[in-house]
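Asker: You'll find final.csv just under this line, and it carries CSV, C-alpha atoms.
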```
chain,number,residue,atom,x,y,z
A,1264,MET,CA,40.3,-36.1,-16.4
A,1265,SER,CA,36.9,-35.4,-17.8
A,1266,ASN,CA,36.5,-33.2,-20.9
A,1267,GLU,CA,33.1,-31.9,-20.0
A,1268,ILE,CA,32.5,-28.2,-19.9
A,1269,ASN,CA,32.3,-27.0,-16.4
A,1270,ALA,CA,28.7,-26.1,-15.7
A,1271,GLY,CA,29.2,-24.8,-12.2
A,1272,SER,CA,29.1,-21.1,-13.3
A,1273,MET,CA,25.7,-21.7,-15.0
A,1274,ALA,CA,24.0,-21.1,-11.7
A,1275,ASP,CA,25.7,-17.8,-11.3
A,1276,ILE,CA,24.7,-16.7,-14.7
A,1277,ALA,CA,21.1,-17.7,-14.1
A,1278,PHE,CA,21.1,-15.9,-10.7
A,1279,LEU,CA,22.4,-12.8,-12.3
A,1280,LEU,CA,19.6,-12.9,-14.9
A,1281,LEU,CA,17.1,-13.7,-12.1
A,1282,ILE,CA,18.2,-10.7,-10.0
A,1283,PHE,CA,18.1,-8.4,-13.1
A,1284,PHE,CA,14.5,-9.4,-13.7
A,1285,LEU,CA,13.6,-9.1,-10.1
A,1286,VAL,CA,14.8,-5.5,-10.0
A,1287,THR,CA,13.7,-4.2,-13.3
A,1288,THR,CA,10.2,-5.5,-13.3
A,1289,THR,CA,7.1,-4.8,-11.1
A,1290,ILE,CA,4.4,-7.4,-10.6
A,1291,ALA,CA,1.5,-6.1,-12.5
A,1292,GLU,CA,-1.3,-5.4,-10.0
A,1293,ASP,CA,-3.8,-4.1,-12.4
A,1294,LYS,CA,-7.0,-4.2,-10.6
A,1295,GLY,CA,-9.6,-1.5,-10.2
A,1296,VAL,CA,-13.2,-0.5,-9.9
A,1297,LEU,CA,-14.8,-1.0,-13.3
A,1298,VAL,CA,-17.2,1.7,-14.4
A,1299,LYS,CA,-19.2,2.2,-17.5
A,1300,LEU,CA,-19.6,5.8,-18.5
A,1301,PRO,CA,-22.7,7.1,-20.2
A,1302,GLN,CA,-22.8,7.9,-23.8
A,1303,TRP,CA,-21.9,11.5,-24.6
A,1304,SER,CA,-24.7,13.6,-26.2
A,1305,GLU,CA,-24.8,17.2,-27.0
A,1306,GLU,CA,-28.5,17.5,-26.2
A,1307,PRO,CA,-29.6,17.7,-22.7
A,1308,PRO,CA,-30.9,14.3,-21.5
A,1309,PRO,CA,-34.7,13.9,-21.8
A,1310,GLU,CA,-36.7,14.9,-18.8
A,1311,MET,CA,-37.7,11.8,-17.0
A,1312,LYS,CA,-40.5,11.6,-14.5
A,1313,LEU,CA,-39.1,9.7,-11.7
A,1314,ASN,CA,-40.9,8.9,-8.5
A,1315,SER,CA,-38.7,10.5,-5.9
A,1316,ARG,CA,-39.0,7.4,-3.7
A,1317,ASN,CA,-37.0,5.5,-6.2
A,1318,VAL,CA,-34.1,7.9,-6.3
A,1319,TYR,CA,-31.2,7.6,-3.9
A,1320,SER,CA,-29.3,10.8,-4.2
A,1321,VAL,CA,-25.7,10.8,-3.0
A,1322,LEU,CA,-23.9,14.1,-2.8
A,1323,VAL,CA,-20.2,14.3,-2.0
A,1324,ASN,CA,-19.2,17.9,-1.4
A,1325,ALA,CA,-15.8,19.7,-1.6
A,1326,GLN,CA,-15.3,19.1,2.1
A,1327,ASN,CA,-15.6,15.4,1.4
A,1328,GLN,CA,-18.9,15.2,3.4
A,1329,LEU,CA,-21.6,12.9,2.4
A,1330,LEU,CA,-25.2,14.0,2.0
A,1331,ILE,CA,-27.7,11.2,1.3
A,1332,ARG,CA,-31.3,12.3,0.5
A,1333,GLY,CA,-30.7,15.6,2.3
A,1334,GLU,CA,-29.2,14.0,5.4
A,1335,GLN,CA,-25.6,13.7,6.4
A,1336,MET,CA,-24.2,10.2,6.7
A,1337,LYS,CA,-20.8,8.6,7.4
A,1338,ILE,CA,-19.2,6.6,4.6
A,1339,GLU,CA,-19.1,3.5,6.8
A,1340,ASP,CA,-22.9,3.5,7.0
A,1341,LEU,CA,-23.4,4.1,3.3
A,1342,LYS,CA,-23.3,0.5,2.1
A,1343,ASN,CA,-25.9,-0.9,4.5
A,1344,ASN,CA,-28.2,2.0,4.0
A,1345,THR,CA,-28.0,1.6,0.3
A,1346,LYS,CA,-28.8,-2.1,0.6
A,1347,ILE,CA,-31.8,-1.3,2.7
A,1348,PHE,CA,-32.9,1.3,0.2
A,1349,ILE,CA,-32.7,-1.0,-2.8
A,1350,ALA,CA,-34.2,-4.1,-1.3
A,1351,ASN,CA,-36.6,-2.2,0.9
A,1352,PRO,CA,-37.4,-5.3,3.1
A,1353,ASP,CA,-39.9,-3.4,5.3
A,1354,LYS,CA,-41.8,-2.0,2.3
A,1355,ARG,CA,-41.4,1.5,3.4
A,1356,SER,CA,-43.1,4.1,1.3
A,1357,ASP,CA,-40.0,6.4,1.1
A,1358,MET,CA,-37.8,3.7,-0.4
A,1359,SER,CA,-37.6,2.0,-3.7
A,1360,GLU,CA,-40.8,0.3,-5.0
A,1361,ASN,CA,-38.7,-2.6,-6.1
A,1362,PRO,CA,-35.0,-3.2,-7.0
A,1363,GLN,CA,-35.8,-2.8,-10.7
A,1364,LYS,CA,-36.8,0.8,-10.2
A,1365,ALA,CA,-34.1,1.9,-7.8
A,1366,ILE,CA,-31.7,4.5,-9.1
A,1367,ILE,CA,-28.6,5.7,-7.4
A,1368,SER,CA,-27.7,9.2,-8.3
A,1369,ILE,CA,-24.3,10.4,-7.4
A,1370,LYS,CA,-23.1,14.0,-7.6
A,1371,ASN,CA,-19.8,15.5,-6.6
A,1372,ASP,CA,-18.1,18.9,-6.5
A,1373,ARG,CA,-15.0,19.7,-8.6
A,1374,GLY,CA,-13.2,20.0,-5.3
A,1375,THR,CA,-14.1,16.6,-4.0
A,1376,LYS,CA,-11.1,14.4,-3.3
A,1377,TYR,CA,-10.7,11.5,-5.7
A,1378,LYS,CA,-10.1,9.2,-2.7
A,1379,THR,CA,-13.5,10.1,-1.2
A,1380,TYR,CA,-15.3,9.8,-4.5
A,1381,LEU,CA,-13.9,6.4,-5.2
A,1382,GLU,CA,-14.7,5.2,-1.7
A,1383,VAL,CA,-18.3,6.3,-2.1
A,1384,TYR,CA,-18.5,4.6,-5.5
A,1385,ASN,CA,-16.9,1.5,-4.1
A,1386,GLU,CA,-19.5,1.3,-1.3
A,1387,LEU,CA,-22.4,1.7,-3.7
A,1388,LYS,CA,-20.9,-1.1,-5.8
A,1389,ALA,CA,-20.3,-3.2,-2.7
A,1390,ALA,CA,-24.0,-2.8,-1.8
A,1391,TYR,CA,-25.0,-4.2,-5.2
A,1392,ASN,CA,-22.5,-7.0,-5.0
A,1393,GLU,CA,-23.7,-8.1,-1.6
A,1394,LEU,CA,-27.3,-8.0,-2.7
A,1395,TRP,CA,-26.4,-10.2,-5.7
A,1396,GLU,CA,-24.5,-12.6,-3.5
A,1397,GLU,CA,-27.5,-12.8,-1.1
A,1398,ALA,CA,-29.8,-13.4,-4.0
A,1399,ALA,CA,-27.6,-16.1,-5.4
A,1400,MET,CA,-27.6,-17.8,-2.1
A,1401,ALA,CA,-31.3,-17.6,-1.6
A,1402,LYS,CA,-32.2,-18.6,-5.1
A,1403,PHE,CA,-29.6,-21.2,-6.1
A,1404,GLY,CA,-27.9,-22.0,-2.8
A,1405,LYS,CA,-24.5,-21.2,-4.3
A,1406,ASN,CA,-22.0,-18.4,-4.3
A,1407,LEU,CA,-22.3,-15.9,-7.1
A,1408,THR,CA,-19.0,-17.0,-8.6
A,1409,GLU,CA,-20.1,-20.6,-8.8
A,1410,LEU,CA,-23.2,-19.8,-10.9
A,1411,THR,CA,-23.3,-20.2,-14.7
A,1412,ASN,CA,-23.4,-17.1,-16.8
A,1413,THR,CA,-27.1,-17.3,-17.4
A,1414,GLN,CA,-27.8,-17.6,-13.7
A,1415,GLN,CA,-25.6,-14.7,-12.9
A,1416,LYS,CA,-27.4,-12.7,-15.6
A,1417,GLU,CA,-30.7,-13.6,-14.1
A,1418,ILE,CA,-29.7,-12.3,-10.7
A,1419,LYS,CA,-28.2,-9.1,-12.1
A,1420,ASP,CA,-31.3,-8.5,-14.2
A,1421,ALA,CA,-33.5,-8.8,-11.2
A,1422,ILE,CA,-31.4,-6.2,-9.3
A,1423,PRO,CA,-29.9,-4.0,-12.0
A,1424,LEU,CA,-27.0,-1.8,-11.1
A,1425,VAL,CA,-28.0,1.7,-12.0
A,1426,ILE,CA,-25.6,4.4,-10.8
A,1427,SER,CA,-26.1,7.7,-12.6
A,1428,GLU,CA,-23.6,10.5,-12.3
A,1429,ALA,CA,-24.6,14.1,-12.6
A,1430,GLU,CA,-22.3,16.8,-13.9
A,1431,PRO,CA,-20.1,18.0,-11.0
A,1432,THR,CA,-20.7,21.4,-9.5
A,1433,LYS,CA,-17.8,23.9,-9.6
A,1434,PHE,CA,-17.2,24.2,-5.9
A,1435,GLY,CA,-13.7,24.0,-4.4
A,1436,GLU,CA,-11.7,23.7,-7.6
A,1437,GLU,CA,-8.0,23.8,-7.0
A,1438,LYS,CA,-6.6,27.1,-8.3
B,443,MET,CA,38.0,-52.8,-16.0
B,444,SER,CA,40.1,-50.6,-13.8
B,445,LYS,CA,38.2,-47.5,-14.9
B,446,PHE,CA,34.9,-48.8,-13.4
B,447,LYS,CA,36.5,-50.1,-10.3
B,448,LYS,CA,38.0,-46.9,-9.3
B,449,LYS,CA,34.7,-45.1,-9.1
B,450,GLN,CA,33.3,-47.5,-6.6
B,451,GLY,CA,35.3,-46.1,-3.7
B,452,ASN,CA,33.8,-45.6,-0.3
B,453,VAL,CA,34.1,-41.8,-0.4
B,454,THR,CA,30.7,-40.1,-0.1
B,455,PRO,CA,30.4,-37.5,-2.8
B,456,GLY,CA,29.3,-34.0,-2.0
B,457,ILE,CA,25.7,-33.0,-2.8
B,458,SER,CA,25.4,-32.5,-6.5
B,459,THR,CA,24.8,-28.9,-7.5
B,460,ALA,CA,24.1,-29.9,-11.1
B,461,SER,CA,20.4,-29.3,-10.8
B,462,LEU,CA,20.9,-25.8,-9.3
B,463,PRO,CA,20.9,-24.1,-12.7
B,464,ASP,CA,17.7,-25.8,-13.6
B,465,ILE,CA,16.0,-24.6,-10.4
B,466,VAL,CA,17.2,-21.1,-10.8
B,467,PHE,CA,16.2,-21.1,-14.5
B,468,MET,CA,12.8,-22.2,-13.4
B,469,LEU,CA,12.5,-19.2,-11.0
B,470,LEU,CA,13.9,-17.0,-13.7
B,471,PHE,CA,11.2,-18.0,-16.2
B,472,PHE,CA,8.5,-17.7,-13.6
B,473,PHE,CA,9.5,-14.1,-12.9
B,474,MET,CA,9.9,-13.3,-16.6
B,475,VAL,CA,6.4,-14.5,-17.2
B,476,VAL,CA,4.5,-12.9,-14.3
B,477,THR,CA,6.2,-9.6,-14.3
B,478,LYS,CA,6.1,-6.9,-16.9
B,479,MET,CA,8.7,-4.3,-17.7
B,480,ARG,CA,7.9,-0.8,-16.7
B,481,ASP,CA,7.9,0.7,-20.2
B,482,THR,CA,7.1,4.2,-19.3
B,483,GLU,CA,8.7,6.3,-16.7
B,484,LEU,CA,6.1,7.7,-14.3
B,485,MET,CA,6.4,11.5,-14.3
B,486,VAL,CA,3.5,12.0,-11.9
B,487,LYS,CA,3.2,10.7,-8.4
B,488,VAL,CA,0.5,8.0,-8.4
B,489,ASN,CA,-0.6,6.4,-5.2
B,490,THR,CA,-3.8,4.7,-6.0
B,491,PRO,CA,-6.6,4.5,-3.4
B,492,GLN,CA,-7.9,1.4,-1.8
B,493,ALA,CA,-11.2,-0.3,-2.8
B,494,SER,CA,-12.9,-3.6,-2.3
B,495,GLU,CA,-15.0,-4.2,-5.4
B,496,LEU,CA,-12.2,-4.8,-7.9
B,497,THR,CA,-12.2,-6.2,-11.4
B,498,LYS,CA,-9.0,-7.6,-12.8
B,499,LEU,CA,-7.7,-6.3,-16.1
B,500,GLU,CA,-7.2,-9.4,-18.1
B,501,LYS,CA,-5.9,-8.6,-21.6
B,502,LYS,CA,-3.0,-6.2,-21.3
B,503,THR,CA,-3.2,-5.3,-25.0
B,504,LEU,CA,-6.7,-4.0,-24.6
B,505,VAL,CA,-5.8,-1.6,-21.9
B,506,ASN,CA,-4.6,2.0,-22.1
B,507,PHE,CA,-3.3,3.8,-19.1
B,508,ILE,CA,-4.0,7.4,-18.1
B,509,PHE,CA,-2.1,8.7,-15.2
B,510,VAL,CA,-3.2,11.6,-13.1
B,511,GLY,CA,-1.2,13.1,-10.3
B,512,ARG,CA,1.2,15.8,-9.1
B,513,PRO,CA,4.5,15.9,-11.0
B,514,THR,CA,7.3,14.1,-9.2
B,515,ASP,CA,10.2,16.1,-7.8
B,516,LYS,CA,12.2,15.7,-10.9
B,517,TYR,CA,9.6,17.3,-13.1
B,518,LYS,CA,8.3,19.9,-10.6
B,519,GLY,CA,10.3,22.7,-12.2
B,520,LYS,CA,9.0,22.0,-15.7
B,521,ALA,CA,5.4,21.0,-15.0
B,522,GLY,CA,4.6,22.8,-11.8
B,523,THR,CA,2.9,21.3,-8.7
B,524,LYS,CA,-0.7,21.1,-9.8
B,525,PRO,CA,-2.1,17.7,-10.8
B,526,ARG,CA,-1.3,16.8,-14.4
B,527,ILE,CA,-2.3,14.1,-16.8
B,528,GLN,CA,0.4,11.8,-18.2
B,529,LEU,CA,-0.3,9.9,-21.5
B,530,GLY,CA,2.4,7.5,-22.6
B,531,ASP,CA,5.6,9.2,-21.6
B,532,LYS,CA,4.4,12.8,-22.0
B,533,PHE,CA,2.5,15.4,-19.9
B,534,ALA,CA,-0.8,16.1,-21.6
B,535,THR,CA,-4.0,17.9,-21.4
B,536,THR,CA,-7.5,16.6,-21.8
B,537,ASP,CA,-7.4,17.7,-25.5
B,538,ASP,CA,-4.7,15.1,-26.2
B,539,ILE,CA,-6.9,12.2,-25.0
B,540,PRO,CA,-8.8,11.5,-28.2
B,541,LEU,CA,-5.6,11.2,-30.2
B,542,PHE,CA,-4.0,9.0,-27.6
B,543,LEU,CA,-7.0,6.7,-27.6
B,544,GLU,CA,-7.0,6.6,-31.4
B,545,LYS,CA,-3.3,5.7,-31.5
B,546,HIS,CA,-3.9,2.8,-29.1
B,547,LYS,CA,-6.9,1.7,-31.0
B,548,VAL,CA,-4.9,1.3,-34.3
B,549,GLY,CA,-2.8,-1.4,-32.7
B,550,VAL,CA,-5.8,-3.5,-31.6
B,551,ALA,CA,-7.6,-5.9,-33.9
B,552,GLU,CA,-10.9,-4.5,-35.1
B,553,SER,CA,-13.0,-7.3,-33.6
B,554,GLN,CA,-11.7,-6.5,-30.1
B,555,ARG,CA,-11.9,-2.7,-30.2
B,556,GLN,CA,-15.2,-2.5,-28.3
B,557,SER,CA,-13.6,-4.3,-25.3
B,558,ILE,CA,-10.8,-1.7,-24.9
B,559,ILE,CA,-10.6,-0.4,-21.3
B,560,SER,CA,-9.1,2.8,-20.1
B,561,SER,CA,-7.3,2.3,-16.8
B,562,LEU,CA,-7.2,5.5,-14.8
B,563,LYS,CA,-4.3,5.5,-12.4
B,564,VAL,CA,-5.1,8.4,-10.2
B,565,ASP,CA,-3.4,9.7,-7.1
B,566,VAL,CA,-5.5,9.8,-3.9
B,567,ASP,CA,-4.5,13.4,-3.5
B,568,VAL,CA,-6.2,14.7,-6.7
B,569,THR,CA,-9.5,16.5,-6.7
B,570,MET,CA,-12.4,15.5,-9.0
B,571,GLY,CA,-12.2,18.5,-11.2
B,572,ILE,CA,-9.5,17.1,-13.4
B,573,ILE,CA,-11.0,13.6,-13.3
B,574,GLY,CA,-14.3,15.0,-14.4
B,575,ASP,CA,-12.6,16.7,-17.4
B,576,VAL,CA,-10.9,13.4,-18.3
B,577,LYS,CA,-14.2,11.6,-18.0
B,578,THR,CA,-15.9,14.1,-20.3
B,579,SER,CA,-13.1,13.7,-22.8
B,580,LEU,CA,-13.3,9.9,-22.7
B,581,ARG,CA,-17.1,10.0,-23.2
B,582,LYS,CA,-16.7,12.4,-26.1
B,583,ALA,CA,-14.2,10.0,-27.7
B,584,GLY,CA,-16.6,7.1,-27.2
B,585,GLN,CA,-14.3,5.3,-24.7
B,586,LEU,CA,-16.9,4.3,-22.1
B,587,LYS,CA,-15.2,1.4,-20.3
B,588,VAL,CA,-13.2,2.8,-17.5
B,589,ASN,CA,-11.3,1.2,-14.7
B,590,TYR,CA,-10.3,3.2,-11.7
B,591,SER,CA,-7.1,1.5,-10.6
B,592,ALA,CA,-7.1,0.7,-6.9
B,593,LYS,CA,-5.4,-1.5,-4.3
B,594,LYS,CA,-7.2,-4.4,-2.7
B,595,ARG,CA,-8.8,-4.0,0.7
B,596,GLU,CA,-11.4,-5.8,2.7
B,597,ARG,CA,-15.1,-4.9,2.3
B,598,THR,CA,-16.5,-2.8,5.1
B,599,LYS,CA,-18.8,-4.5,7.5
```
Write out the structure in this file as structure tokens.

Answerer:
Amino acid sequence: MSNEINAGSMADIAFLLLIFFLVTTTIAEDKGVLVKLPQWSEEPPPEMKLNSRNVYSVLVNAQNQLLIRGEQMKIEDLKNNTKIFIANPDKRSDMSENPQKAIISIKNDRGTKYKTYLEVYNELKAAYNELWEEAAMAKFGKNLTELTNTQQKEIKDAIPLVISEAEPTKFGEEK
Amino acid sequence: MSKFKKKQGNVTPGISTASLPDIVFMLLFFFMVVTKMRDTELMVKVNTPQASELTKLEKKTLVNFIFVGRPTDKYKGKAGTKPRIQLGDKFATTDDIPLFLEKHKVGVAESQRQSIISSLKVDVDVTMGIIGDVKTSLRKAGQLKVNYSAKKRERTK
């Protein structure tokens, strides 16, 4: 006869604990679209003379329709068109002079669905991310994530992300 | 002598289960580490939208959560059916946001305060009106780093 304590039930106890943690916890999936809001100021922003060719105005209305520079567009086409606008490969006179000067201006109604708004914002960010990745490939022959911080900064400074948000208009507010 | 001899019988022993607790404990510790307790009960329905350009929230202590959505069935009677803001475990209005941010800030080391991120967990079904008000309130409170919580999806072609 051995005098050891029977450890056979240890597994059961551990399983019980395991199942308890499995049930009571949720795997943290905290990811999201990072945005930097502009500083608040009481005074109206200073008037800036912007060449209209450098401004890419995006309007999302309360019917969740997209108006880009006065023309309707589907969300699926937004990313590629934004990329063309920023990079302006054909040097067209109605698109940005250079990526440094390009400004994306986004405006929404109060009745715009959050889902649509985030989708639009996401597409605009995707356009920049793709441009950065392409630039990283062309310049350093590496993926953006493989570059050092200074190299990444160099690329992001060459194509700065400028998304300005206007105050929303009051259309379609839920009563 | 006889004690040792006896054990050398030809009977094949069953598979030892002695290592089973160790394996299970390992699993247990894994789940304890990677998961976090849901500390606050969600009083609003939050189904976050999908997006492709995601940033991971690294330091949990530097994040405060603002939930926006329609009250769940349990709270419909009390809070109505219109989208509401939840801060901590209470329904709130945009006026409560500065105090909420300040309370969170107190618990963070001074040197790290500028890296505090507000995570907005917003339901797909909410309109931008309330979000705009939240954004204005965050800006007035000087909380400029915002993360719109979203689920992963592939980038559109």

Asker: With a distance cut-off of 10 Å and only C-alpha atoms, select the neighbouring residues of Ala534 of chain B, excluding the residue or stretch itself and same-chain residues fewer than 5 positions from it, and output the selection as an mmCIF file with C-alpha atoms, in the coordinates of the input.

Answerer:
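Everything below was put into part_2.cif:
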```cif
data_model
loop_
_atom_site.group_PDB
_atom_site.id
_atom_site.type_symbol
_atom_site.label_atom_id
_atom_site.label_comp_id
_atom_site.auth_asym_id
_atom_site.auth_seq_id
_atom_site.Cartn_x
_atom_site.Cartn_y
_atom_site.Cartn_z
ATOM 1 C CA ILE B 508 -4.000 7.400 -18.100
ATOM 2 C CA PHE B 509 -2.100 8.700 -15.200
ATOM 3 C CA VAL B 510 -3.200 11.600 -13.100
ATOM 4 C CA ARG B 526 -1.300 16.800 -14.400
ATOM 5 C CA ILE B 527 -2.300 14.100 -16.800
ATOM 6 C CA GLN B 528 0.400 11.800 -18.200
ATOM 7 C CA LEU B 529 -0.300 9.900 -21.500
ATOM 8 C CA ILE B 539 -6.900 12.200 -25.000
ATOM 9 C CA PHE B 542 -4.000 9.000 -27.600
#
```

Asker: Per residue of chain B within 7 Å of chain A, record the nearest atom pair and its distance in Å to one decimal, counting all atoms listed in the file, with rows in chain order and ascending residue number, as CSV.

Answerer:
```
residue,atom,partner,partner_atom,distance
B:Leu462,CA,A:Ala1274,CA,6.1
B:Pro463,CA,A:Ala1274,CA,4.4
B:Val466,CA,A:Ala1277,CA,6.1
B:Phe467,CA,A:Ala1277,CA,6.0
B:Leu470,CA,A:Leu1281,CA,4.9
B:Phe473,CA,A:Phe1284,CA,6.9
B:Met474,CA,A:Phe1284,CA,6.7
B:Val476,CA,A:Ile1290,CA,6.6
B:Thr477,CA,A:Ile1290,CA,4.7
B:Lys478,CA,A:Thr1288,CA,5.6
B:Met479,CA,A:Thr1288,CA,4.8
B:Arg480,CA,A:Thr1288,CA,6.2
B:Pro491,CA,A:Lys1378,CA,5.9
B:Ala493,CA,A:Asn1385,CA,6.1
B:Ser494,CA,A:Asn1385,CA,6.7
B:Glu495,CA,A:Ala1389,CA,6.0
B:Leu496,CA,A:Gly1295,CA,4.8
B:Thr497,CA,A:Gly1295,CA,5.5
B:Lys498,CA,A:Lys1294,CA,4.5
B:Leu499,CA,A:Asp1293,CA,5.8
B:Val566,CA,A:Lys1378,CA,4.8
B:Asp567,CA,A:Lys1376,CA,6.7
B:Val568,CA,A:Tyr1377,CA,5.6
B:Thr569,CA,A:Lys1376,CA,4.3
B:Met570,CA,A:Arg1373,CA,5.0
B:Gly571,CA,A:Arg1373,CA,4.0
B:Arg581,CA,A:Trp1303,CA,5.2
B:Lys582,CA,A:Trp1303,CA,5.5
B:Leu586,CA,A:Leu1300,CA,4.7
B:Lys587,CA,A:Lys1299,CA,4.9
B:Val588,CA,A:Val1298,CA,5.2
B:Asn589,CA,A:Leu1297,CA,4.4
B:Tyr590,CA,A:Gly1295,CA,5.0
B:Ser591,CA,A:Gly1295,CA,3.9
B:Ala592,CA,A:Gly1295,CA,4.7
```

Asker: What does the distance between atom CA of Tyr1319 of chain A and atom CA of Ile1367 of chain A come to in Å, to one decimal place?

Answerer: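 A separation of 4.8 Å between them.
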
Asker: Let me make sure I understand: among B:Lys532, B:Lys547, B:Arg597, B:Lys516, which one has the smallest atom-to-atom distance to Gln585 of chain B if we use only C-alpha atoms?

Answerer: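 Looking at the shortest contact to Gln585 of chain B, the residue is B:Lys547.
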
Asker: Using atom CA of Ile1366 of chain A and atom CA of Asn1317 of chain A as the two end points, give the distance in Å to one decimal.

Answerer: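 So the two atoms, atom CA of Ile1366 of chain A and atom CA of Asn1317 of chain A, lie 6.1 Å apart.
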
Asker: For Val488 of chain B, work out the shell of residues within 8 Å, counting all atoms listed in the file and skipping chain neighbours fewer than 2 positions away, then give it as a PyMOL selection string.

Answerer: chain B and resi 486+490+509-512+563-566

Asker: Store the residues picked out above in a file with C-alpha atoms, as an mmCIF file, in the coordinates of the input.

Answerer:
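Everything below was put into out-v4.cif:
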```cif
data_model
loop_
_atom_site.group_PDB
_atom_site.id
_atom_site.type_symbol
_atom_site.label_atom_id
_atom_site.label_comp_id
_atom_site.auth_asym_id
_atom_site.auth_seq_id
_atom_site.Cartn_x
_atom_site.Cartn_y
_atom_site.Cartn_z
ATOM 1 C CA VAL B 486 3.500 12.000 -11.900
ATOM 2 C CA THR B 490 -3.800 4.700 -6.000
ATOM 3 C CA PHE B 509 -2.100 8.700 -15.200
ATOM 4 C CA VAL B 510 -3.200 11.600 -13.100
ATOM 5 C CA GLY B 511 -1.200 13.100 -10.300
ATOM 6 C CA ARG B 512 1.200 15.800 -9.100
ATOM 7 C CA LYS B 563 -4.300 5.500 -12.400
ATOM 8 C CA VAL B 564 -5.100 8.400 -10.200
ATOM 9 C CA ASP B 565 -3.400 9.700 -7.100
ATOM 10 C CA VAL B 566 -5.500 9.800 -3.900
#
```

Asker: Give me the residues near Ser579 of chain B as a PDB file with C-alpha atoms, in the coordinates of the input, where near means some atom within 7 Å (using only C-alpha atoms) and where sequence neighbours in that chain fewer than 4 positions away do not count.

Answerer:
```
ATOM      1  CA  THR B 536      -7.500  16.600 -21.800  1.00  0.00           C
ATOM      2  CA  ILE B 539      -6.900  12.200 -25.000  1.00  0.00           C
ATOM      3  CA  ASP B 575     -12.600  16.700 -17.400  1.00  0.00           C
ATOM      4  CA  ALA B 583     -14.200  10.000 -27.700  1.00  0.00           C
TER       5      ALA B 583
END
```

Asker: Could you work out how far atom CA of Ile558 of chain B lies from atom CA of Ile572 of chain B, giving the answer in Å with one decimal?

Answerer: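 Atom CA of Ile572 of chain B sits 22.1 Å away from atom CA of Ile558 of chain B.
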
Asker: Mind listing whatever residues come within 12 Å of the point (-29.5, -15.1, -4.6)? Use all atoms listed in the file, file coordinates, and give them as number ranges by chain.

Answerer: A: 1391-1410, 1414-1422

Asker: I want to know what sits within 12 Å of Asp515 of chain B, based on only C-alpha atoms, with residues of the same chain fewer than 6 positions away left out; could you give that as a list in words?

Answerer: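 In the requested form, the answer reads Leu484, Met485, Val486, Lys487, Ala521, Gly522 and Thr523 of chain B.
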
Asker: Using the selection just defined, write its residues with C-alpha atoms as an mmCIF file, in the frame of the given file.

Answerer:
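Saved result, out-v1.cif, follows:
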```cif
data_model
loop_
_atom_site.group_PDB
_atom_site.id
_atom_site.type_symbol
_atom_site.label_atom_id
_atom_site.label_comp_id
_atom_site.auth_asym_id
_atom_site.auth_seq_id
_atom_site.Cartn_x
_atom_site.Cartn_y
_atom_site.Cartn_z
ATOM 1 C CA LEU B 484 6.100 7.700 -14.300
ATOM 2 C CA MET B 485 6.400 11.500 -14.300
ATOM 3 C CA VAL B 486 3.500 12.000 -11.900
ATOM 4 C CA LYS B 487 3.200 10.700 -8.400
ATOM 5 C CA ALA B 521 5.400 21.000 -15.000
ATOM 6 C CA GLY B 522 4.600 22.800 -11.800
ATOM 7 C CA THR B 523 2.900 21.300 -8.700
#
```
